[in-house]
$ cat run34.txt   # compact mmCIF, C-alpha atoms and all ligand atoms
# COMPACT_ATOMS: atom_id res chain seq x y z
CA MET A 1118 0.00 0.00 0.00
CA ASN A 1119 1.47 3.43 -0.88
CA GLN A 1120 1.76 6.20 1.71
CA SER A 1121 -1.25 8.29 0.61
CA THR A 1122 -3.50 5.22 0.63
CA MET A 1123 -2.20 4.33 4.11
CA ASN A 1124 -2.91 7.90 5.28
CA LEU A 1125 -6.53 7.52 4.24
CA PHE A 1126 -6.98 4.93 6.99
CA SER A 1127 -4.61 6.47 9.54
CA LEU A 1128 -6.13 7.51 12.87
CA GLU A 1129 -3.03 9.35 14.05
CA GLY A 1130 -3.88 12.40 16.13
CA LYS A 1131 -7.55 11.35 16.48
CA THR A 1132 -9.09 10.63 19.86
CA ILE A 1133 -11.68 7.84 19.87
CA LEU A 1134 -14.13 7.40 22.72
CA ILE A 1135 -15.50 3.86 22.86
CA THR A 1136 -17.98 2.23 25.23
CA GLY A 1137 -18.14 -1.42 26.25
CA CYS A 1138 -14.52 -2.35 25.62
CA ALA A 1139 -13.59 -4.54 28.59
CA SER A 1140 -14.31 -7.57 26.42
CA GLY A 1141 -15.55 -8.83 23.06
CA ILE A 1142 -16.01 -6.61 20.02
CA GLY A 1143 -15.33 -3.30 21.81
CA LYS A 1144 -12.05 -4.57 23.26
CA GLU A 1145 -10.72 -5.69 19.86
CA ILE A 1146 -11.87 -2.46 18.19
CA ALA A 1147 -10.21 -0.35 20.90
CA ILE A 1148 -6.94 -2.25 20.42
CA GLY A 1149 -7.34 -2.11 16.63
CA VAL A 1150 -7.90 1.66 16.40
CA ALA A 1151 -4.94 2.23 18.72
CA GLY A 1152 -2.90 0.15 16.27
CA ALA A 1153 -4.05 2.53 13.51
CA GLY A 1154 -2.66 5.44 15.52
CA ALA A 1155 -5.63 6.66 17.57
CA ASN A 1156 -5.62 7.92 21.13
CA VAL A 1157 -8.28 5.84 22.86
CA VAL A 1158 -10.70 6.52 25.71
CA CYS A 1159 -12.43 3.39 27.01
CA LEU A 1160 -15.59 3.43 29.14
CA ASP A 1161 -16.90 0.25 30.75
CA ILE A 1162 -18.66 -0.91 33.86
CA ALA A 1163 -16.34 -3.95 33.95
CA ASP A 1164 -12.59 -4.15 34.63
CA LEU A 1165 -10.58 -2.57 31.80
CA THR A 1166 -7.15 -3.83 32.90
CA ALA A 1167 -6.74 -6.38 30.08
CA THR A 1168 -7.75 -3.82 27.43
CA ALA A 1169 -5.45 -1.19 28.96
CA GLU A 1170 -2.46 -3.55 28.92
CA GLU A 1171 -2.86 -4.14 25.18
CA ILE A 1172 -3.55 -0.51 24.25
CA LYS A 1173 -0.62 0.83 26.24
CA LYS A 1174 1.69 -1.23 23.98
CA SER A 1175 0.74 1.14 21.11
CA GLY A 1176 2.40 4.03 22.97
CA ASN A 1177 -0.55 6.30 22.12
CA ARG A 1178 -2.37 8.36 24.73
CA SER A 1179 -5.19 6.48 26.41
CA MET A 1180 -7.67 6.75 29.26
CA PHE A 1181 -9.73 4.07 30.99
CA LEU A 1182 -12.79 5.00 33.01
CA HIS A 1183 -15.11 2.82 35.06
CA VAL A 1184 -18.49 4.19 33.95
CA ASP A 1185 -22.03 2.84 33.77
CA VAL A 1186 -23.04 4.33 30.42
CA SER A 1187 -26.74 4.11 31.28
CA ASP A 1188 -26.20 6.69 34.04
CA SER A 1189 -26.45 10.26 32.70
CA ASN A 1190 -24.63 11.77 35.72
CA ALA A 1191 -21.76 9.33 35.26
CA ILE A 1192 -21.55 10.30 31.58
CA ASP A 1193 -21.48 14.03 32.43
CA LYS A 1194 -18.67 13.49 34.93
CA ALA A 1195 -16.67 11.27 32.56
CA TRP A 1196 -17.07 13.73 29.68
CA ASP A 1197 -15.57 16.59 31.72
CA GLN A 1198 -12.64 14.38 32.74
CA ILE A 1199 -12.07 13.25 29.13
CA ILE A 1200 -12.00 16.77 27.67
CA GLU A 1201 -9.75 17.98 30.49
CA GLU A 1202 -7.25 15.13 30.06
CA MET A 1203 -7.39 14.39 26.30
CA GLY A 1204 -8.21 17.91 25.04
CA SER A 1205 -10.57 16.71 22.30
CA VAL A 1206 -12.73 13.86 20.99
CA ASP A 1207 -12.98 13.13 17.24
CA VAL A 1208 -14.87 9.84 17.12
CA LEU A 1209 -17.57 8.35 19.36
CA PHE A 1210 -18.18 4.62 19.21
CA ASN A 1211 -21.37 3.52 20.99
CA ASN A 1212 -20.80 -0.17 21.51
CA ALA A 1213 -21.79 -1.23 25.05
CA GLY A 1214 -24.56 -3.79 25.08
CA ILE A 1215 -26.25 -6.48 27.14
CA GLN A 1216 -28.66 -9.28 26.31
CA TYR A 1217 -31.47 -11.11 28.11
CA ARG A 1218 -33.57 -13.89 26.60
CA ALA A 1219 -37.09 -14.76 27.79
CA PRO A 1220 -40.57 -15.14 26.29
CA ILE A 1221 -42.69 -12.01 26.51
CA ASP A 1222 -44.99 -13.31 29.28
CA GLU A 1223 -41.97 -13.92 31.52
CA PHE A 1224 -39.86 -10.89 30.51
CA PRO A 1225 -39.02 -8.82 33.62
CA ILE A 1226 -39.69 -5.10 33.15
CA GLU A 1227 -36.44 -4.25 34.94
CA LYS A 1228 -34.51 -6.30 32.32
CA PHE A 1229 -36.34 -4.40 29.57
CA ASP A 1230 -35.35 -1.08 31.19
CA ALA A 1231 -31.73 -2.17 31.64
CA ILE A 1232 -31.40 -3.28 28.01
CA MET A 1233 -33.02 -0.12 26.62
CA ASN A 1234 -30.83 2.06 28.84
CA VAL A 1235 -27.49 0.34 28.15
CA ASN A 1236 -28.01 -0.62 24.49
CA PHE A 1237 -29.86 2.49 23.30
CA LYS A 1238 -30.37 5.38 25.71
CA SER A 1239 -26.63 5.52 26.50
CA ALA A 1240 -25.96 6.03 22.77
CA PHE A 1241 -28.50 8.85 22.62
CA MET A 1242 -27.00 10.55 25.68
CA LEU A 1243 -23.39 10.24 24.49
CA SER A 1244 -24.27 11.23 20.91
CA LYS A 1245 -26.02 14.36 22.22
CA LYS A 1246 -22.94 15.24 24.25
CA VAL A 1247 -20.45 14.54 21.45
CA ALA A 1248 -22.56 16.08 18.64
CA SER A 1249 -22.98 19.30 20.67
CA TYR A 1250 -19.21 19.37 21.13
CA PHE A 1251 -18.52 18.72 17.41
CA LEU A 1252 -20.94 21.52 16.43
CA GLN A 1253 -19.48 24.02 18.91
CA GLN A 1254 -15.87 23.19 17.99
CA LYS A 1255 -16.63 22.80 14.25
CA ILE A 1256 -15.13 19.30 14.27
CA LYS A 1257 -16.01 17.07 11.31
CA GLY A 1258 -16.19 14.08 13.60
CA LYS A 1259 -17.65 10.61 13.33
CA ILE A 1260 -20.21 8.73 15.37
CA ILE A 1261 -20.34 4.95 15.01
CA ASN A 1262 -22.93 2.69 16.61
CA THR A 1263 -22.97 -1.06 17.05
CA THR A 1264 -26.25 -2.28 15.62
CA SER A 1265 -27.24 -5.92 15.11
CA LEU A 1266 -28.97 -8.37 12.79
CA TYR A 1267 -31.81 -7.68 15.26
CA SER A 1268 -31.88 -4.07 14.02
CA THR A 1269 -33.64 -5.61 10.99
CA PHE A 1270 -34.89 -9.05 12.05
CA GLY A 1271 -37.18 -9.81 14.97
CA GLY A 1272 -35.51 -12.82 16.56
CA PHE A 1273 -37.19 -14.97 19.22
CA ASN A 1274 -37.41 -14.28 22.95
CA VAL A 1275 -35.28 -11.13 22.59
CA THR A 1276 -37.98 -8.45 22.52
CA ALA A 1277 -36.05 -5.86 24.53
CA TYR A 1278 -32.78 -6.38 22.63
CA THR A 1279 -34.53 -6.27 19.25
CA SER A 1280 -36.42 -3.10 20.24
CA ALA A 1281 -33.21 -1.42 21.42
CA LYS A 1282 -31.25 -2.43 18.30
CA HIS A 1283 -34.03 -1.25 15.95
CA ALA A 1284 -33.91 2.05 17.85
CA MET A 1285 -30.12 2.16 17.44
CA LEU A 1286 -30.47 1.92 13.65
CA GLY A 1287 -33.12 4.66 13.76
CA LEU A 1288 -30.78 6.84 15.82
CA THR A 1289 -27.98 6.23 13.29
CA ARG A 1290 -30.15 7.38 10.37
CA ALA A 1291 -31.83 10.31 12.15
CA LEU A 1292 -28.51 11.67 13.45
CA SER A 1293 -26.88 11.17 10.07
CA ASN A 1294 -29.49 13.41 8.40
CA GLU A 1295 -29.16 16.07 11.06
CA LEU A 1296 -25.37 16.16 11.23
CA ALA A 1297 -24.32 15.53 7.60
CA PRO A 1298 -24.59 19.23 6.65
CA HIS A 1299 -21.91 19.90 9.28
CA GLY A 1300 -19.54 17.28 7.83
CA ILE A 1301 -20.22 14.86 10.69
CA CYS A 1302 -20.75 11.24 9.61
CA VAL A 1303 -22.94 8.81 11.56
CA ASN A 1304 -22.88 5.12 10.70
CA SER A 1305 -23.11 1.73 12.29
CA ILE A 1306 -21.46 -1.65 12.11
CA THR A 1307 -23.75 -4.65 12.18
CA PRO A 1308 -21.99 -7.72 13.53
CA GLY A 1309 -23.47 -11.07 12.54
CA TYR A 1310 -22.95 -14.00 14.90
CA ILE A 1311 -19.75 -13.25 16.80
CA THR A 1312 -18.32 -15.43 19.58
CA THR A 1313 -18.51 -13.20 22.66
CA ALA A 1314 -20.21 -13.21 26.07
CA VAL A 1315 -23.46 -11.83 24.58
CA THR A 1316 -23.87 -14.91 22.33
CA LYS A 1317 -22.40 -17.58 24.65
CA ALA A 1318 -25.80 -19.24 25.13
CA LEU A 1319 -25.81 -19.88 21.35
CA TRP A 1320 -22.22 -20.83 20.44
CA SER A 1321 -21.70 -23.00 23.52
CA ASP A 1322 -24.76 -25.11 22.62
CA GLU A 1323 -23.72 -27.50 19.84
CA SER A 1324 -27.16 -27.93 18.27
CA LYS A 1325 -28.00 -24.19 18.35
CA SER A 1326 -24.55 -23.35 17.01
CA SER A 1327 -24.78 -25.76 14.07
CA GLU A 1328 -28.27 -24.46 13.18
CA ILE A 1329 -26.79 -20.94 13.01
CA LEU A 1330 -23.73 -22.11 11.06
CA LYS A 1331 -25.95 -23.57 8.32
CA ARG A 1332 -27.13 -20.01 7.59
CA ILE A 1333 -23.69 -18.37 7.44
CA PRO A 1334 -22.29 -18.68 3.88
CA ILE A 1335 -18.68 -18.17 5.03
CA GLY A 1336 -19.19 -21.26 7.21
CA ARG A 1337 -17.86 -20.05 10.55
CA TRP A 1338 -18.84 -17.84 13.46
CA GLY A 1339 -17.26 -14.40 13.39
CA ASN A 1340 -14.71 -13.37 15.98
CA PRO A 1341 -14.30 -9.87 17.46
CA GLU A 1342 -11.22 -9.17 15.28
CA ASP A 1343 -13.46 -9.44 12.20
CA LEU A 1344 -15.02 -6.07 13.11
CA VAL A 1345 -11.80 -4.08 13.36
CA GLY A 1346 -11.34 -3.22 9.65
CA ALA A 1347 -14.81 -1.70 9.31
CA ALA A 1348 -14.33 0.27 12.53
CA ILE A 1349 -11.07 1.78 11.24
CA PHE A 1350 -12.75 2.58 7.90
CA LEU A 1351 -15.70 4.35 9.56
CA ALA A 1352 -13.45 6.26 11.97
CA SER A 1353 -11.00 7.42 9.29
CA HIS A 1354 -10.94 9.85 6.35
CA ALA A 1355 -11.51 6.84 4.07
CA SER A 1356 -15.24 7.09 4.91
CA ASP A 1357 -15.71 10.89 4.69
CA TYR A 1358 -18.52 10.51 2.11
CA VAL A 1359 -20.22 7.61 3.92
CA THR A 1360 -23.06 8.43 6.31
CA GLY A 1361 -26.33 6.88 7.45
CA VAL A 1362 -25.35 3.31 6.63
CA ALA A 1363 -25.14 0.09 8.61
CA ILE A 1364 -22.31 -2.13 7.39
CA PRO A 1365 -23.04 -5.84 7.87
CA ILE A 1366 -20.04 -7.90 8.98
CA ASP A 1367 -21.82 -11.20 9.07
CA GLY A 1368 -20.11 -13.76 6.81
CA GLY A 1369 -22.86 -13.26 4.22
CA PHE A 1370 -25.80 -13.94 6.59
CA THR A 1371 -28.03 -11.05 5.45
CA ALA A 1372 -27.35 -11.63 1.75
CA ARG A 1373 -28.57 -15.18 1.94
N1 LIG B 1 -21.63 -10.92 19.72
C1 LIG B 1 -22.47 -10.77 18.73
O1 LIG B 1 -22.75 -11.71 17.99
C2 LIG B 1 -23.13 -9.45 18.48
C3 LIG B 1 -23.95 -9.32 17.36
C4 LIG B 1 -24.55 -8.09 17.09
C5 LIG B 1 -24.32 -7.02 17.94
N2 LIG B 1 -23.53 -7.18 19.03
C6 LIG B 1 -23.34 -6.01 19.87
O2 LIG B 1 -21.95 -5.77 20.03
C7 LIG B 1 -21.75 -4.98 21.19
C8 LIG B 1 -20.62 -5.57 22.01
O3 LIG B 1 -21.04 -6.83 22.53
P1 LIG B 1 -20.09 -8.11 22.58
O4 LIG B 1 -20.73 -9.14 21.74
O5 LIG B 1 -18.70 -7.72 22.33
O6 LIG B 1 -20.30 -8.60 24.10
P2 LIG B 1 -19.46 -8.32 25.42
O7 LIG B 1 -20.34 -8.72 26.54
O8 LIG B 1 -18.13 -8.98 25.33
O9 LIG B 1 -19.22 -6.75 25.40
C9 LIG B 1 -20.15 -5.84 25.93
C10 LIG B 1 -19.40 -4.83 26.77
O10 LIG B 1 -20.33 -3.84 27.25
C11 LIG B 1 -20.01 -3.59 28.61
N3 LIG B 1 -21.16 -3.05 29.35
C12 LIG B 1 -22.29 -3.70 29.69
N4 LIG B 1 -23.08 -2.89 30.41
C13 LIG B 1 -22.44 -1.71 30.53
C14 LIG B 1 -22.76 -0.47 31.16
N5 LIG B 1 -23.89 -0.30 31.84
N6 LIG B 1 -21.86 0.54 31.07
C15 LIG B 1 -20.68 0.37 30.41
N7 LIG B 1 -20.34 -0.77 29.79
C16 LIG B 1 -21.21 -1.81 29.84
C17 LIG B 1 -19.58 -4.96 29.14
O11 LIG B 1 -18.90 -4.88 30.38
C18 LIG B 1 -18.73 -5.47 27.99
O12 LIG B 1 -17.39 -5.06 28.11
C19 LIG B 1 -23.10 -4.95 21.91
O13 LIG B 1 -23.76 -3.73 21.61
C20 LIG B 1 -23.84 -6.11 21.30
O14 LIG B 1 -25.22 -5.95 21.36
C21 LIG B 1 -22.92 -8.36 19.33
$ encode --input "run34.txt" --output "structure tokens"
Amino acid sequence: MNQSTMNLFSLEGKTILITGCASGIGKEIAIGVAGAGANVVCLDIADLTATAEEIKKSGNRSMFLHVDVSDSNAIDKAWDQIIEEMGSVDVLFNNAGIQYRAPIDEFPIEKFDAIMNVNFKSAFMLSKKVASYFLQQKIKGKIINTTSLYSTFGGFNVTAYTSAKHAMLGLTRALSNELAPHGICVNSITPGYITTAVTKALWSDESKSSEILKRIPIGRWGNPEDLVGAAIFLASHASDYVTGVAIPIDGGFTAR
């Protein structure tokens, strides 16, 4: 690859704020964008030590905050700390998510609230904060959301998750329209079936896993590293004319 093509994907000098990166997809994306030169700010309710150890190897600036992203006060406090320490934010990646499976007649309302708040409301709150900052500072920044196959399909026994992920796709499109005139791009990545904690109930059950595999043309489950390339693309100048889209990274599942 020649230098100008490499520069298209470089994240040097950019600060990326990413949620839900103690494990799974967010962890690999945080490590991956650091590898592409970004300064990285990680927010998670879980222990970020393992992520921090990897990111620090890049030598870039980084920050790791223990934050419940469904808590608006915690977000306000974290935001002030981030701007004070990092000086700027160029990319927001709303990735934190949780899952709960139950039929509708047994679905606890508190689980519904938790899923809506972590998987969707947190993204609204952080996008509002970051978009206001981009507009004030005239930064042509990027917002990236993690959507899901359940942003399009209904699924079974996942009513709260499906509702939240449909909302996340709606947020991506609505924000894209509103912010595009300011040069701010808003997109999402749509992982297919990826082996992480969220899908453990599926990949650890041989019969469920093989049912799913039959529908994936590439013939394997995805792993968190499979999402890194699209994340770098959407965070970098390479995607400056891309907004309002959800990129499926699903081994061909949705094309089938
Ligand atoms: N694994 C898949 O197949 C798949 C498919 C489609 C979408 N997704 C989405 O990808 C995203 C990442 O999930 P994953 O599969 O990597 O699972 P994961 O459980 O490994 O990662 C989720 C992360 O979110 C964090 N988190 C949970 N609640 C939080 C809170 N209140 N505040 C801050 N952080 C919180 C967790 O601690 C964890 O680090 C989620 O939005 C998920 O819905 C996953």
$ atom_distance --input "run34.txt" --atom1 "CA of Gly1336 in chain A" --atom2 "atom O1 of ligand LIG 1 (chain B)"
14.8 Å
$ residues_near_ligand --input "run34.txt" --ligand "ligand LIG 1 (chain B)" --cutoff "8 Å" --atoms "all atoms listed in the file" --output "ChimeraX atom specification"
/A:1136-1144,1160-1164,1183-1188,1211-1216,1234-1236,1263-1267,1278,1282,1307-1316,1339,1341
$ residues_around --input "run34.txt" --residues "Ala1347 in chain A" --least-positions-apart "4" --cutoff "9 Å" --atoms "all atoms listed in the file" --output "list in words"
Ile1306, Asp1343, Leu1351, Ala1352, Ile1364 and Ile1366 of chain A
$ residues_around --input "run34.txt" --residues "range 1284-1298 of chain A" --least-positions-apart "6" --cutoff "10 Å" --atoms "all atoms listed in the file" --output "PyMOL selection string"
chain A and resi 1211+1233+1236-1238+1240-1241+1244-1245+1248+1251-1252+1257-1265+1267-1269+1278+1304-1307+1358-1363
$ residues_around --input "run34.txt" --residues "Gly1154 in chain A" --least-positions-apart "4" --cutoff "12 Å" --atoms "all atoms listed in the file" --output "MDAnalysis selection string"
chainID A and resid 1123:1124 1126:1133 1147:1150 1172:1179 1349 1352:1353
$ axis_aligned_box --input "run34.txt" --around "range 1266-1273 of chain A" --padding-each-side "5 Å" --output "AutoDock Vina command-line options"
--center_x -33.1 --center_y -9.5 --center_z 15.1 --size_x 18.2 --size_y 20.9 --size_z 18.2
$ closest_residue --input "run34.txt" --among "A:Cys1302, A:Met1180, A:Ala1191, A:Ala1318" --to "Gly1204 in chain A" --atoms "all atoms listed in the file"
A:Met1180
$ closest_residue --input "run34.txt" --among "A:Phe1370, A:Lys1255, A:Ser1189, A:Thr1276" --to "Phe1224 in chain A" --atoms "all atoms listed in the file"
A:Thr1276
$ atom_distance --input "run34.txt" --atom1 "CA of Leu1344 in chain A" --atom2 "CA of Ile1146 in chain A"
7.0 Å
$ closest_residue --input "run34.txt" --among "A:Asn1274, A:Ser1324, A:Asn1119, A:Thr1279" --to "Glu1223 in chain A" --atoms "only C-alpha atoms"
A:Asn1274
$ residues_near_point --input "run34.txt" --point "(-24.6, -22.0, 10.5)" --cutoff "12 Å" --atoms "only C-alpha atoms" --output "NGL selection string"
:A and (1309-1311 or 1319-1320 or 1323-1339 or 1367-1370 or 1373)
$ write_last_selection --input "run34.txt" --atoms "C-alpha atoms" --output "PDB file, in the frame of the given file"
ATOM      1  CA  GLY A1309     -23.470 -11.070  12.540  1.00  0.00           C
ATOM      2  CA  TYR A1310     -22.950 -14.000  14.900  1.00  0.00           C
ATOM      3  CA  ILE A1311     -19.750 -13.250  16.800  1.00  0.00           C
ATOM      4  CA  LEU A1319     -25.810 -19.880  21.350  1.00  0.00           C
ATOM      5  CA  TRP A1320     -22.220 -20.830  20.440  1.00  0.00           C
ATOM      6  CA  GLU A1323     -23.720 -27.500  19.840  1.00  0.00           C
ATOM      7  CA  SER A1324     -27.160 -27.930  18.270  1.00  0.00           C
ATOM      8  CA  LYS A1325     -28.000 -24.190  18.350  1.00  0.00           C
ATOM      9  CA  SER A1326     -24.550 -23.350  17.010  1.00  0.00           C
ATOM     10  CA  SER A1327     -24.780 -25.760  14.070  1.00  0.00           C
ATOM     11  CA  GLU A1328     -28.270 -24.460  13.180  1.00  0.00           C
ATOM     12  CA  ILE A1329     -26.790 -20.940  13.010  1.00  0.00           C
ATOM     13  CA  LEU A1330     -23.730 -22.110  11.060  1.00  0.00           C
ATOM     14  CA  LYS A1331     -25.950 -23.570   8.320  1.00  0.00           C
ATOM     15  CA  ARG A1332     -27.130 -20.010   7.590  1.00  0.00           C
ATOM     16  CA  ILE A1333     -23.690 -18.370   7.440  1.00  0.00           C
ATOM     17  CA  PRO A1334     -22.290 -18.680   3.880  1.00  0.00           C
ATOM     18  CA  ILE A1335     -18.680 -18.170   5.030  1.00  0.00           C
ATOM     19  CA  GLY A1336     -19.190 -21.260   7.210  1.00  0.00           C
ATOM     20  CA  ARG A1337     -17.860 -20.050  10.550  1.00  0.00           C
ATOM     21  CA  TRP A1338     -18.840 -17.840  13.460  1.00  0.00           C
ATOM     22  CA  GLY A1339     -17.260 -14.400  13.390  1.00  0.00           C
ATOM     23  CA  ASP A1367     -21.820 -11.200   9.070  1.00  0.00           C
ATOM     24  CA  GLY A1368     -20.110 -13.760   6.810  1.00  0.00           C
ATOM     25  CA  GLY A1369     -22.860 -13.260   4.220  1.00  0.00           C
ATOM     26  CA  PHE A1370     -25.800 -13.940   6.590  1.00  0.00           C
ATOM     27  CA  ARG A1373     -28.570 -15.180   1.940  1.00  0.00           C
TER      28      ARG A1373
END
$ atom_distance --input "run34.txt" --atom1 "CA of Phe1350 in chain A" --atom2 "CA of Leu1125 in chain A"
8.7 Å
$ closest_residue --input "run34.txt" --among "A:Glu1170, A:Phe1273, A:Leu1243, A:Ala1195" --to "Ile1221 in chain A" --atoms "only C-alpha atoms"
A:Phe1273
$ decode --input "run34.txt" --residues "range 1274-1298 of chain A" --atoms "N, CA and C atoms" --output "mmCIF file, in the first residue's frame"
data_model
loop_
_atom_site.group_PDB
_atom_site.id
_atom_site.type_symbol
_atom_site.label_atom_id
_atom_site.label_comp_id
_atom_site.auth_asym_id
_atom_site.auth_seq_id
_atom_site.Cartn_x
_atom_site.Cartn_y
_atom_site.Cartn_z
ATOM 1 N N ASN A 1274 -37.675 -14.434 21.515
ATOM 2 C CA ASN A 1274 -37.409 -14.283 22.954
ATOM 3 C C ASN A 1274 -36.378 -13.198 23.279
ATOM 4 N N VAL A 1275 -36.245 -12.231 22.366
ATOM 5 C CA VAL A 1275 -35.277 -11.134 22.588
ATOM 6 C C VAL A 1275 -35.966 -9.781 22.337
ATOM 7 N N THR A 1276 -37.181 -9.646 22.845
ATOM 8 C CA THR A 1276 -37.980 -8.452 22.518
ATOM 9 C C THR A 1276 -37.291 -7.144 22.907
ATOM 10 N N ALA A 1277 -36.674 -7.118 24.096
ATOM 11 C CA ALA A 1277 -36.046 -5.864 24.533
ATOM 12 C C ALA A 1277 -34.834 -5.550 23.666
ATOM 13 N N TYR A 1278 -33.998 -6.568 23.432
ATOM 14 C CA TYR A 1278 -32.776 -6.379 22.634
ATOM 15 C C TYR A 1278 -33.141 -5.939 21.214
ATOM 16 N N THR A 1279 -34.119 -6.616 20.616
ATOM 17 C CA THR A 1279 -34.534 -6.265 19.249
ATOM 18 C C THR A 1279 -35.078 -4.830 19.201
ATOM 19 N N SER A 1280 -35.873 -4.463 20.197
ATOM 20 C CA SER A 1280 -36.423 -3.102 20.240
ATOM 21 C C SER A 1280 -35.291 -2.074 20.342
ATOM 22 N N ALA A 1281 -34.327 -2.361 21.222
ATOM 23 C CA ALA A 1281 -33.214 -1.417 21.423
ATOM 24 C C ALA A 1281 -32.362 -1.316 20.162
ATOM 25 N N LYS A 1282 -32.120 -2.450 19.490
ATOM 26 C CA LYS A 1282 -31.250 -2.429 18.302
ATOM 27 C C LYS A 1282 -31.969 -1.809 17.091
ATOM 28 N N HIS A 1283 -33.289 -1.997 16.986
ATOM 29 C CA HIS A 1283 -34.031 -1.250 15.953
ATOM 30 C C HIS A 1283 -33.898 0.257 16.217
ATOM 31 N N ALA A 1284 -34.033 0.626 17.485
ATOM 32 C CA ALA A 1284 -33.908 2.049 17.851
ATOM 33 C C ALA A 1284 -32.513 2.573 17.517
ATOM 34 N N MET A 1285 -31.509 1.746 17.711
ATOM 35 C CA MET A 1285 -30.123 2.157 17.441
ATOM 36 C C MET A 1285 -29.944 2.449 15.947
ATOM 37 N N LEU A 1286 -30.567 1.655 15.094
ATOM 38 C CA LEU A 1286 -30.475 1.920 13.652
ATOM 39 C C LEU A 1286 -31.219 3.214 13.317
ATOM 40 N N GLY A 1287 -32.365 3.417 13.957
ATOM 41 C CA GLY A 1287 -33.116 4.662 13.757
ATOM 42 C C GLY A 1287 -32.303 5.869 14.193
ATOM 43 N N LEU A 1288 -31.632 5.743 15.323
ATOM 44 C CA LEU A 1288 -30.781 6.836 15.820
ATOM 45 C C LEU A 1288 -29.665 7.127 14.812
ATOM 46 N N THR A 1289 -29.062 6.066 14.272
ATOM 47 C CA THR A 1289 -27.977 6.232 13.289
ATOM 48 C C THR A 1289 -28.478 7.059 12.095
ATOM 49 N N ARG A 1290 -29.642 6.693 11.574
ATOM 50 C CA ARG A 1290 -30.153 7.378 10.375
ATOM 51 C C ARG A 1290 -30.604 8.809 10.688
ATOM 52 N N ALA A 1291 -31.314 8.975 11.802
ATOM 53 C CA ALA A 1291 -31.826 10.314 12.149
ATOM 54 C C ALA A 1291 -30.678 11.281 12.412
ATOM 55 N N LEU A 1292 -29.666 10.801 13.155
ATOM 56 C CA LEU A 1292 -28.513 11.670 13.454
ATOM 57 C C LEU A 1292 -27.704 11.967 12.201
ATOM 58 N N SER A 1293 -27.627 10.971 11.311
ATOM 59 C CA SER A 1293 -26.880 11.168 10.068
ATOM 60 C C SER A 1293 -27.485 12.330 9.275
ATOM 61 N N ASN A 1294 -28.811 12.327 9.135
ATOM 62 C CA ASN A 1294 -29.489 13.408 8.399
ATOM 63 C C ASN A 1294 -29.202 14.764 9.020
ATOM 64 N N GLU A 1295 -29.286 14.801 10.353
ATOM 65 C CA GLU A 1295 -29.161 16.067 11.059
ATOM 66 C C GLU A 1295 -27.732 16.620 11.020
ATOM 67 N N LEU A 1296 -26.761 15.712 11.068
ATOM 68 C CA LEU A 1296 -25.372 16.164 11.230
ATOM 69 C C LEU A 1296 -24.576 16.210 9.931
ATOM 70 N N ALA A 1297 -25.070 15.553 8.873
ATOM 71 C CA ALA A 1297 -24.325 15.528 7.595
ATOM 72 C C ALA A 1297 -24.001 16.929 7.073
ATOM 73 N N PRO A 1298 -24.928 17.892 7.154
ATOM 74 C CA PRO A 1298 -24.594 19.231 6.646
ATOM 75 C C PRO A 1298 -23.407 19.880 7.359
#
